[in-house]
>>> print(open('protein-v7.cif').read())   # mmCIF, C-alpha atoms and all ligand atoms
data_upload
#
loop_
_atom_site.label_atom_id
_atom_site.label_comp_id
_atom_site.auth_asym_id
_atom_site.auth_seq_id
_atom_site.Cartn_x
_atom_site.Cartn_y
_atom_site.Cartn_z
CA MET A 517 -3.37 1.19 1.28
CA VAL A 518 -5.84 -0.24 -1.19
CA PRO A 519 -5.86 1.61 -4.48
CA ALA A 520 -9.04 0.13 -5.90
CA MET A 521 -11.76 0.39 -3.29
CA SER A 522 -14.92 2.26 -4.15
CA SER A 523 -16.04 5.66 -2.96
CA THR A 524 -19.23 6.19 -1.08
CA SER A 525 -20.77 9.37 0.26
CA ARG A 526 -19.74 9.94 3.86
CA ARG A 527 -19.01 12.60 6.39
CA ARG A 528 -15.82 14.19 5.26
CA GLU A 529 -12.79 14.15 7.55
CA LEU A 530 -10.48 17.16 7.68
CA GLY A 531 -6.74 17.23 7.16
CA ARG A 532 -4.99 17.53 10.53
CA GLY A 533 -1.41 17.99 11.65
CA GLU A 534 -0.27 16.73 15.04
CA ARG A 535 3.19 16.55 16.61
CA VAL A 536 4.62 13.06 17.18
CA VAL A 537 7.92 14.14 18.76
CA PRO A 538 9.67 17.51 18.46
CA GLY A 539 10.39 18.11 14.80
CA VAL A 540 8.08 15.34 13.52
CA TRP A 541 4.45 15.92 12.55
CA ARG A 542 1.88 13.37 11.48
CA LEU A 543 -0.39 14.80 8.78
CA ARG A 544 -3.74 12.99 8.66
CA LEU A 545 -5.14 13.34 5.16
CA PRO A 546 -8.74 12.27 4.47
CA LEU A 547 -9.49 9.38 2.12
CA PRO A 548 -12.82 8.70 0.37
CA TRP A 549 -12.47 4.94 1.06
CA PRO A 550 -14.86 3.05 3.34
CA GLY A 551 -13.05 1.69 6.39
CA ILE A 552 -9.86 3.67 5.67
CA PRO A 553 -10.71 7.23 6.75
CA HIS A 554 -7.28 8.74 6.21
CA ALA A 555 -3.69 8.27 5.09
CA ASN A 556 -0.74 9.66 7.03
CA ALA A 557 2.00 11.82 5.63
CA TYR A 558 4.86 12.94 7.89
CA ALA A 559 6.56 16.33 7.91
CA ILE A 560 10.02 16.29 9.48
CA ALA A 561 11.95 19.50 10.11
CA ALA A 562 14.94 20.00 7.82
CA GLY A 563 16.76 23.35 7.93
CA ASP A 564 14.32 26.16 7.15
CA GLY A 565 11.64 23.76 5.90
CA VAL A 566 10.51 20.14 6.05
CA VAL A 567 11.02 16.84 4.32
CA LEU A 568 7.58 15.47 3.48
CA PHE A 569 7.18 11.70 3.58
CA ASP A 570 4.13 10.74 1.46
CA CYS A 571 1.49 13.21 0.33
CA GLY A 572 -2.01 11.69 0.14
CA LEU A 573 -4.53 10.91 -2.57
CA HIS A 574 -5.35 13.37 -5.34
CA GLU A 575 -9.05 14.26 -5.56
CA PRO A 576 -11.06 17.51 -5.59
CA GLY A 577 -10.09 19.56 -2.52
CA SER A 578 -7.29 17.22 -1.44
CA LEU A 579 -4.44 19.73 -1.79
CA ALA A 580 -6.27 22.12 0.57
CA GLU A 581 -6.41 19.31 3.16
CA LEU A 582 -2.66 18.78 2.87
CA GLU A 583 -2.11 22.55 3.21
CA ARG A 584 -4.40 22.67 6.26
CA ALA A 585 -2.51 19.79 7.94
CA LEU A 586 0.88 21.36 7.13
CA ALA A 587 -0.31 24.74 8.46
CA GLN A 588 -1.17 23.10 11.79
CA ALA A 589 2.48 22.02 11.91
CA GLY A 590 3.52 25.61 11.12
CA TYR A 591 4.47 25.10 7.49
CA ALA A 592 3.27 25.84 3.97
CA LEU A 593 3.67 23.81 0.78
CA ALA A 594 6.47 26.17 -0.24
CA ASP A 595 8.45 24.96 2.80
CA VAL A 596 8.67 21.39 1.49
CA ARG A 597 12.36 20.85 0.64
CA LEU A 598 12.02 17.23 -0.47
CA LEU A 599 9.16 14.78 -1.06
CA VAL A 600 9.89 11.13 -0.25
CA CYS A 601 7.25 8.53 -1.15
CA THR A 602 7.24 5.19 0.71
CA HIS A 603 5.56 3.58 -2.31
CA ALA A 604 3.68 4.43 -5.49
CA HIS A 605 0.10 3.83 -4.30
CA SER A 606 -2.30 6.69 -4.92
CA ASP A 607 -2.87 7.46 -1.22
CA HIS A 608 0.90 8.02 -0.74
CA TYR A 609 1.98 9.37 -4.11
CA GLY A 610 -1.27 10.82 -5.56
CA GLN A 611 -0.47 14.49 -4.88
CA ALA A 612 3.25 14.27 -5.71
CA ALA A 613 2.84 16.39 -8.85
CA SER A 614 0.92 19.06 -6.91
CA VAL A 615 3.55 19.18 -4.14
CA VAL A 616 6.43 19.36 -6.62
CA ASP A 617 4.63 22.10 -8.60
CA ALA A 618 3.92 24.18 -5.49
CA SER A 619 7.31 23.83 -3.79
CA GLY A 620 9.82 23.11 -6.55
CA CYS A 621 11.14 20.25 -4.42
CA GLU A 622 12.61 16.97 -5.66
CA LEU A 623 10.72 13.68 -5.49
CA TRP A 624 12.51 10.53 -4.32
CA MET A 625 10.87 7.14 -4.79
CA HIS A 626 11.75 3.50 -5.49
CA PRO A 627 12.09 2.69 -9.22
CA ALA A 628 9.85 -0.43 -9.21
CA ASP A 629 6.79 1.73 -9.86
CA ALA A 630 5.43 -0.01 -12.99
CA HIS A 631 2.38 -1.05 -10.95
CA MET A 632 1.43 2.64 -10.73
CA ARG A 633 2.64 3.78 -14.17
CA ALA A 634 0.51 1.19 -15.94
CA GLY A 635 -2.66 2.84 -14.59
CA ILE A 636 -1.57 6.36 -15.56
CA GLU A 637 0.04 5.77 -18.95
CA ASP A 638 -2.71 3.51 -20.29
CA PRO A 639 -5.68 3.28 -17.91
CA GLU A 640 -7.81 1.28 -20.36
CA ALA A 641 -5.12 -1.36 -20.88
CA ARG A 642 -4.60 -1.57 -17.11
CA LEU A 643 -8.35 -2.03 -16.54
CA ALA A 644 -8.51 -4.64 -19.30
CA ARG A 645 -5.66 -6.57 -17.69
CA ARG A 646 -7.30 -6.50 -14.27
CA PHE A 647 -10.58 -7.56 -15.86
CA GLU A 648 -8.86 -10.52 -17.52
CA VAL A 649 -7.09 -11.60 -14.33
CA ALA A 650 -10.40 -11.46 -12.44
CA ARG A 651 -12.24 -13.39 -15.17
CA GLN A 652 -9.57 -16.10 -15.24
CA SER A 653 -9.79 -16.25 -11.45
CA GLY A 654 -13.44 -17.25 -11.69
CA VAL A 655 -15.23 -13.92 -11.14
CA PRO A 656 -18.54 -14.10 -13.09
CA LEU A 657 -18.87 -11.62 -16.00
CA GLU A 658 -21.68 -9.93 -14.09
CA PRO A 659 -20.80 -8.34 -11.64
CA LEU A 660 -17.28 -8.04 -13.11
CA ARG A 661 -18.38 -5.64 -15.88
CA GLN A 662 -20.11 -3.44 -13.34
CA TRP A 663 -17.07 -3.35 -11.00
CA SER A 664 -14.86 -2.50 -13.94
CA ASP A 665 -17.12 0.39 -15.00
CA SER A 666 -17.13 1.86 -11.51
CA ALA A 667 -13.32 1.53 -11.31
CA ARG A 668 -13.12 3.51 -14.56
CA GLU A 669 -15.33 6.25 -13.09
CA ARG A 670 -13.27 6.49 -9.89
CA GLY A 671 -10.07 7.32 -11.73
CA SER A 672 -6.53 6.85 -10.47
CA GLY A 673 -6.31 9.26 -7.51
CA ILE A 674 -3.02 10.47 -8.98
CA ALA A 675 -2.70 14.09 -10.15
CA ARG A 676 -0.27 13.14 -12.91
CA LEU A 677 2.86 11.12 -13.39
CA VAL A 678 5.91 12.89 -11.98
CA GLU A 679 9.32 11.33 -12.47
CA PRO A 680 11.44 10.71 -9.36
CA ASP A 681 14.66 12.77 -9.22
CA ARG A 682 16.35 10.04 -7.22
CA GLU A 683 15.80 6.31 -6.81
CA LEU A 684 15.12 5.24 -3.23
CA VAL A 685 17.13 2.03 -3.07
CA ASP A 686 18.86 0.31 -0.15
CA GLY A 687 21.21 2.61 1.70
CA VAL A 688 20.02 5.95 0.29
CA VAL A 689 19.98 8.52 3.07
CA VAL A 690 17.50 11.35 3.70
CA ASP A 691 18.83 14.18 5.88
CA THR A 692 16.59 15.88 8.46
CA ASP A 693 17.11 17.88 11.67
CA LEU A 694 16.39 14.65 13.56
CA GLY A 695 19.27 12.91 11.81
CA GLN A 696 19.64 10.67 8.80
CA TRP A 697 16.93 8.25 7.62
CA THR A 698 18.24 5.24 5.71
CA VAL A 699 16.22 3.39 3.09
CA THR A 700 15.44 -0.32 3.41
CA GLU A 701 13.64 -1.81 0.43
CA THR A 702 10.51 -3.63 1.65
CA PRO A 703 8.57 -5.03 -1.33
CA GLY A 704 5.45 -7.12 -0.74
CA HIS A 705 2.61 -4.67 -0.11
CA ALA A 706 3.81 -3.01 -3.32
CA PRO A 707 6.93 -3.65 -5.44
CA SER A 708 8.01 -0.01 -4.90
CA HIS A 709 7.72 -0.09 -1.10
CA VAL A 710 10.53 1.17 1.14
CA CYS A 711 10.83 1.89 4.87
CA LEU A 712 13.12 4.59 6.27
CA HIS A 713 15.00 4.06 9.50
CA GLN A 714 16.47 6.63 11.89
CA PRO A 715 18.89 4.62 14.08
CA GLU A 716 19.69 7.14 16.87
CA HIS A 717 15.99 7.70 17.64
CA ARG A 718 15.11 4.12 16.60
CA MET A 719 12.26 5.45 14.48
CA LEU A 720 10.86 3.81 11.38
CA ILE A 721 8.75 5.38 8.66
CA SER A 722 6.91 2.17 7.86
CA GLY A 723 4.44 3.25 5.14
CA ASP A 724 1.96 0.43 4.51
CA HIS A 725 4.50 -2.31 5.26
CA LEU A 726 3.63 -2.15 8.97
CA LEU A 727 0.34 -0.60 10.04
CA GLY A 728 -1.04 0.04 13.54
CA ARG A 729 -3.90 -2.34 12.79
CA VAL A 730 -2.53 -5.47 11.11
CA SER A 731 -3.94 -5.45 7.59
CA LEU A 732 -2.59 -7.28 4.56
CA PHE A 733 -2.63 -6.09 0.97
CA PHE A 734 -0.50 -7.46 -1.85
CA ASP A 735 -0.03 -5.74 -5.19
CA TYR A 736 -0.26 -8.92 -7.26
CA GLY A 737 1.04 -9.47 -10.80
CA TRP A 738 4.25 -7.41 -10.91
CA THR A 739 6.77 -9.59 -9.08
CA PRO A 740 7.25 -13.36 -8.76
CA ASP A 741 5.98 -13.86 -5.18
CA PRO A 742 4.60 -10.83 -3.26
CA VAL A 743 3.86 -12.86 -0.11
CA GLY A 744 7.41 -14.26 -0.01
CA GLU A 745 8.77 -10.78 -0.65
CA PHE A 746 6.62 -9.39 2.18
CA LEU A 747 7.87 -12.05 4.63
CA ARG A 748 11.49 -11.31 3.73
CA SER A 749 10.80 -7.59 4.13
CA LEU A 750 9.43 -8.27 7.63
CA ASP A 751 12.74 -9.98 8.48
CA ARG A 752 14.71 -7.01 7.15
CA VAL A 753 12.70 -4.51 9.19
CA ASP A 754 12.82 -6.75 12.28
CA ALA A 755 16.63 -6.58 12.15
CA LEU A 756 16.49 -2.76 12.37
CA ASP A 757 15.08 -3.05 15.93
CA ALA A 758 13.02 0.15 15.70
CA ARG A 759 10.93 1.21 18.69
CA LEU A 760 8.57 3.74 17.12
CA ALA A 761 6.82 3.19 13.79
CA LEU A 762 5.32 6.06 11.83
CA ALA A 763 2.77 4.14 9.78
CA GLY A 764 0.96 5.04 6.57
CA HIS A 765 -2.48 4.69 8.17
CA GLY A 766 -3.67 4.83 11.76
CA ARG A 767 -1.69 5.76 14.85
CA THR A 768 2.04 5.57 15.35
CA PHE A 769 3.02 2.61 17.51
CA ALA A 770 5.91 1.58 19.76
CA ASP A 771 5.68 -2.22 19.90
CA VAL A 772 7.22 -2.67 16.45
CA ARG A 773 8.41 -6.25 17.01
CA ALA A 774 4.95 -7.36 18.19
CA HIS A 775 3.44 -5.89 15.00
CA ILE A 776 5.98 -7.76 12.88
CA GLU A 777 5.12 -11.00 14.71
CA ALA A 778 1.39 -10.34 14.24
CA ASN A 779 1.91 -9.87 10.49
CA ARG A 780 3.88 -13.13 10.25
CA ALA A 781 1.19 -14.96 12.21
CA LEU A 782 -1.64 -13.59 10.06
CA VAL A 783 0.14 -14.48 6.81
CA ALA A 784 0.81 -18.01 8.12
CA GLN A 785 -2.82 -18.41 9.22
CA ARG A 786 -4.21 -17.25 5.88
CA LEU A 787 -1.78 -19.37 3.86
CA GLU A 788 -2.94 -22.37 5.87
CA ARG A 789 -6.62 -21.52 5.31
CA VAL A 790 -6.04 -21.20 1.57
CA ARG A 791 -4.18 -24.53 1.58
CA GLN A 792 -7.12 -26.11 3.43
CA ALA A 793 -9.58 -24.61 0.94
CA VAL A 794 -7.60 -26.12 -1.94
CA ALA A 795 -7.25 -29.47 -0.10
CA GLY A 796 -10.96 -29.64 0.75
CA HIS A 797 -12.52 -28.15 -2.39
CA GLY A 798 -9.91 -28.30 -5.15
CA PRO A 799 -9.69 -27.86 -8.01
CA ILE A 800 -11.03 -24.47 -6.96
CA THR A 801 -10.86 -20.91 -8.32
CA ALA A 802 -9.44 -17.93 -6.42
CA TYR A 803 -12.94 -16.41 -6.54
CA ASP A 804 -14.40 -19.42 -4.69
CA ILE A 805 -11.60 -19.34 -2.10
CA VAL A 806 -12.44 -15.75 -1.05
CA PRO A 807 -15.56 -16.65 1.02
CA LEU A 808 -13.71 -19.63 2.55
CA LEU A 809 -10.94 -17.26 3.67
CA HIS A 810 -12.89 -14.14 4.59
CA GLY A 811 -16.37 -15.55 5.33
CA GLU A 812 -17.90 -13.26 2.72
CA GLU A 813 -18.43 -13.34 -1.03
CA LEU A 814 -16.28 -11.01 -3.12
CA SER A 815 -18.03 -7.65 -3.65
CA GLN A 816 -17.30 -4.39 -5.41
CA LEU A 817 -15.93 -3.08 -2.12
CA THR A 818 -13.48 -5.94 -1.59
CA ALA A 819 -12.68 -7.08 -5.17
CA GLY A 820 -9.57 -4.94 -5.55
CA TRP A 821 -8.23 -6.12 -2.20
CA TRP A 822 -9.25 -9.73 -1.51
CA LEU A 823 -8.83 -11.15 -5.00
CA PRO A 824 -5.16 -10.08 -5.37
CA GLU A 825 -4.64 -11.21 -1.77
CA VAL A 826 -5.90 -14.74 -2.48
CA LEU A 827 -3.96 -14.87 -5.77
CA ALA A 828 -0.82 -13.83 -3.88
CA TYR A 829 -1.30 -16.67 -1.34
CA LEU A 830 -1.90 -19.17 -4.15
CA ARG A 831 1.21 -17.95 -5.91
CA HIS A 832 3.29 -18.34 -2.73
CA LEU A 833 1.89 -21.85 -2.16
CA GLU A 834 2.70 -22.62 -5.80
CA VAL A 835 6.35 -21.46 -5.62
CA THR A 836 6.78 -23.38 -2.36
CA GLY A 837 5.43 -26.54 -4.01
CA VAL A 838 2.17 -26.86 -2.06
CA VAL A 839 -0.45 -26.17 -4.77
CA THR A 840 -0.52 -26.30 -8.53
CA LYS A 841 -2.50 -24.38 -11.12
CA GLU A 842 -4.59 -26.30 -13.62
CA ASP A 843 -4.55 -24.33 -16.83
CA GLY A 844 -7.77 -23.67 -18.66
CA GLU A 845 -10.09 -20.83 -19.57
CA THR A 846 -10.66 -20.48 -15.82
CA GLU A 847 -7.70 -21.12 -13.51
CA ARG A 848 -8.35 -23.75 -10.86
CA TRP A 849 -5.99 -24.77 -8.10
CA GLY A 850 -5.31 -28.19 -6.66
CA LEU A 851 -2.78 -29.70 -4.24
CA ALA A 852 0.60 -30.33 -5.85
ZN ZN A 901 -0.25 1.06 -0.18
ZN ZN A 902 -1.83 3.30 1.97
#
>>> encode(input="protein-v7.cif", output="C-alpha cells", more="lines below")
Ligand SMILES: [Zn+2]
Ligand SMILES: [Zn+2]
Amino acid sequence: MVPAMSSTSRRRELGRGERVVPGVWRLRLPLPWPGIPHANAYAIAAGDGVVLFDCGLHEPGSLAELERALAQAGYALADVRLLVCTHAHSDHYGQAASVVDASGCELWMHPADAHMRAGIEDPEARLARRFEVARQSGVPLEPLRQWSDSARERGSGIARLVEPDRELVDGVVVDTDLGQWTVTETPGHAPSHVCLHQPEHRMLISGDHLLGRVSLFFDYGWTPDPVGEFLRSLDRVDALDARLALAGHGRTFADVRAHIEANRALVAQRLERVRQAVAGHGPITAYDIVPLLHGEELSQLTAGWWLPEVLAYLRHLEVTGVVTKEDGETERWGLA
C-alpha cells in the first residue's frame, strides 16, 4: 500500500493461504511495515494450475512465505500459469521476477509503471527527486536528510525489474475456472492501478483501490491530478456493481458500495480540511498542513505517505480553482 514506510523489528507473521470461495484462495503475505502486517495475493484456479493476482514484497525469506501460502492452497510456484499485478507497488509486484523465474509464467500489468521503474533504474535519482519535492514542500533539512538515508538503506522491495508480457488496459480479459475477469483501469492510488471484475460472480479484485479499512494513499508526481483520478476510478468501479471485493490488504468484504461511499466521504472531508488550513493559515506549506490534517507532525514513519497525500489534495484544489501555489524556494499555498 505504502511503498516508503520504514521497517522496525517486530514479531514476524507467516504466509497463509485460506479459501475465499471454491477455486479462490487469499494468500496473506507478511510485510515488514508498521500498521500494515500483510499484503494479499489471490490464487484462482485455472486449468491444471492457478492465476496469481499480486505476489508480495521482495525481502529476505519472502519467497518462502509465498510458497508456504500457496502450499496451503494446494499449489506450488511451478503451478502459476499467469501473474497479474493490480499495480506496480512493491508489496504487489515486488516478487514478480521470482515468480516468473520459478514458474516460467507471463506477467501482465498496466503500462503506466514509471513510478516504479524510476526507483529501480536509478534509485539515487529517484531519492534525490523525492528529497527535492519534500524540501520544496517545507520539510526541514534535518530530519529530511535522515529520512532519506534510511529510505536508501531500506531498498526498493522489488527483486528486479521484469517487463510485462501484456499490458493490462481496459477490457483485457483474464481467464480462470471461475470465469473471465475484465480489467478496469483505476488510477489514483497509483498510476498503474487496475481492478479486475468477474461479472457472473460479481467479484472484484480491488487491489489497493478499495481496502477493507478505508485508507487513502496517492502516488503523487506522475499524473496531473491523482485525487481527481481516484474519484473517477471510484465512479467506474461503482458502476460494476460488485458484491465481493478481494482487496490488497485486510479481509475481503461484501458491502462494496458502502466502501466506495466511505472513500468518497473521506476524500471530501480531507479536501475540506486542507482548504480550511489554507484559508486559515495561508500562505502555508504542505509540511505545515500535515499536522492540521492528521493531528500529528510528519515523521519518518508517515513522511512517505502523508506528504504525497497532502500534495495530492493541494493539487486537486489547485486544478479545481480553489487554491493557488505561490512560487518560491519553498512552495506555499493560498486561496485562489
Ligand atoms: Zn499500493
Ligand atoms: Zn498495497
>>> residues_near_ligand(input="protein-v7.cif", ligand="ligand ZN 902 (chain A)", cutoff="9 Å", atoms="all atoms listed in the file", output="number ranges by chain")
A: 517-519, 552, 554-556, 572, 603, 605-608, 723-724, 764-765
>>> atom_distance(input="protein-v7.cif", atom1="CA of Ser722 in chain A", atom2="CA of Gly563 in chain A")
23.4 Å
>>> residues_around(input="protein-v7.cif", residues="Asp693 in chain A", least_positions_apart="5", cutoff="12 Å", atoms="all atoms listed in the file", output="list in words")
Pro538, Gly539, Val540, Ala559, Ile560, Ala561, Ala562, Gly563, Asp564, Gly565, Val566, Val567, Gln714 and His717 of chain A
>>> write_last_selection(input="protein-v7.cif", atoms="C-alpha atoms", output="JSON list (two decimals), keeping the file's coordinate frame")
[["chain", "number", "residue", "atom", "x", "y", "z"],
["A", 538, "PRO", "CA", 9.67, 17.51, 18.46],
["A", 539, "GLY", "CA", 10.39, 18.11, 14.80],
["A", 540, "VAL", "CA", 8.08, 15.34, 13.52],
["A", 559, "ALA", "CA", 6.56, 16.33, 7.91],
["A", 560, "ILE", "CA", 10.02, 16.29, 9.48],
["A", 561, "ALA", "CA", 11.95, 19.50, 10.11],
["A", 562, "ALA", "CA", 14.94, 20.00, 7.82],
["A", 563, "GLY", "CA", 16.76, 23.35, 7.93],
["A", 564, "ASP", "CA", 14.32, 26.16, 7.15],
["A", 565, "GLY", "CA", 11.64, 23.76, 5.90],
["A", 566, "VAL", "CA", 10.51, 20.14, 6.05],
["A", 567, "VAL", "CA", 11.02, 16.84, 4.32],
["A", 714, "GLN", "CA", 16.47, 6.63, 11.89],
["A", 717, "HIS", "CA", 15.99, 7.70, 17.64]]
>>> residues_around(input="protein-v7.cif", residues="Glu813 in chain A", least_positions_apart="6", cutoff="9 Å", atoms="all atoms listed in the file", output="VMD selection string")
chain A and resid 803 to 804 806 to 807
>>> residues_around(input="protein-v7.cif", residues="Arg759 in chain A", least_positions_apart="5", cutoff="8 Å", atoms="all atoms listed in the file", output="number ranges by chain")
A: 718-720, 770-772
>>> write_last_selection(input="protein-v7.cif", atoms="C-alpha atoms", output="PDB file, keeping the file's coordinate frame")
ATOM      1  CA  ARG A 718      15.110   4.120  16.600  1.00  0.00           C
ATOM      2  CA  MET A 719      12.260   5.450  14.480  1.00  0.00           C
ATOM      3  CA  LEU A 720      10.860   3.810  11.380  1.00  0.00           C
ATOM      4  CA  ALA A 770       5.910   1.580  19.760  1.00  0.00           C
ATOM      5  CA  ASP A 771       5.680  -2.220  19.900  1.00  0.00           C
ATOM      6  CA  VAL A 772       7.220  -2.670  16.450  1.00  0.00           C
TER       7      VAL A 772
END
>>> closest_residue(input="protein-v7.cif", among="A:Leu657, A:Gly551, A:Val616, A:Leu726", to="Thr818 in chain A", atoms="all atoms listed in the file")
A:Gly551
>>> closest_residue(input="protein-v7.cif", among="A:Arg682, A:Arg670, A:Arg651, A:Arg773", to="Pro548 in chain A", atoms="all atoms listed in the file")
A:Arg670
>>> atom_distance(input="protein-v7.cif", atom1="CA of Ser619 in chain A", atom2="CA of Ala763 in chain A")
24.3 Å
>>> atom_distance(input="protein-v7.cif", atom1="CA of Gly766 in chain A", atom2="CA of Gly728 in chain A")
5.7 Å
>>> residues_near_point(input="protein-v7.cif", point="(12.3, 21.2, -3.2)", cutoff="9 Å", atoms="all atoms listed in the file", output="list in words")
Val567, Ala594, Asp595, Val596, Arg597, Leu598, Leu599, Val616, Ser619, Gly620, Cys621, Glu622 and Leu623 of chain A
>>> closest_residue(input="protein-v7.cif", among="A:Arg767, A:His709, A:Arg542, A:Arg535", to="ligand ZN 901 (chain A)", atoms="all atoms listed in the file")
A:His709
>>> residues_around(input="protein-v7.cif", residues="range 585-592 of chain A", least_positions_apart="3", cutoff="7 Å", atoms="only C-alpha atoms", output="ChimeraX atom specification")
/A:531-534,541,543-544,581-582,595
>>> closest_residue(input="protein-v7.cif", among="A:Ile674, A:Pro659, A:Ala618, A:Ala802", to="Gly635 in chain A", atoms="all atoms listed in the file")
A:Ile674
>>> closest_residue(input="protein-v7.cif", among="A:Asp843, A:Asp751, A:Glu669, A:Glu529", to="Thr700 in chain A", atoms="all atoms listed in the file")
A:Asp751
>>> axis_aligned_box(input="protein-v7.cif", around="range 747-766 of chain A", padding_each_side="3 Å", output="lines of an AutoDock Vina configuration file")
center_x = 6.5
center_y = -3.0
center_z = 11.2
size_x = 26.3
size_y = 24.1
size_z = 21.0
>>> closest_residue(input="protein-v7.cif", among="A:Met625, A:Leu530, A:Leu593, A:Val783", to="Phe746 in chain A", atoms="only C-alpha atoms")
A:Val783
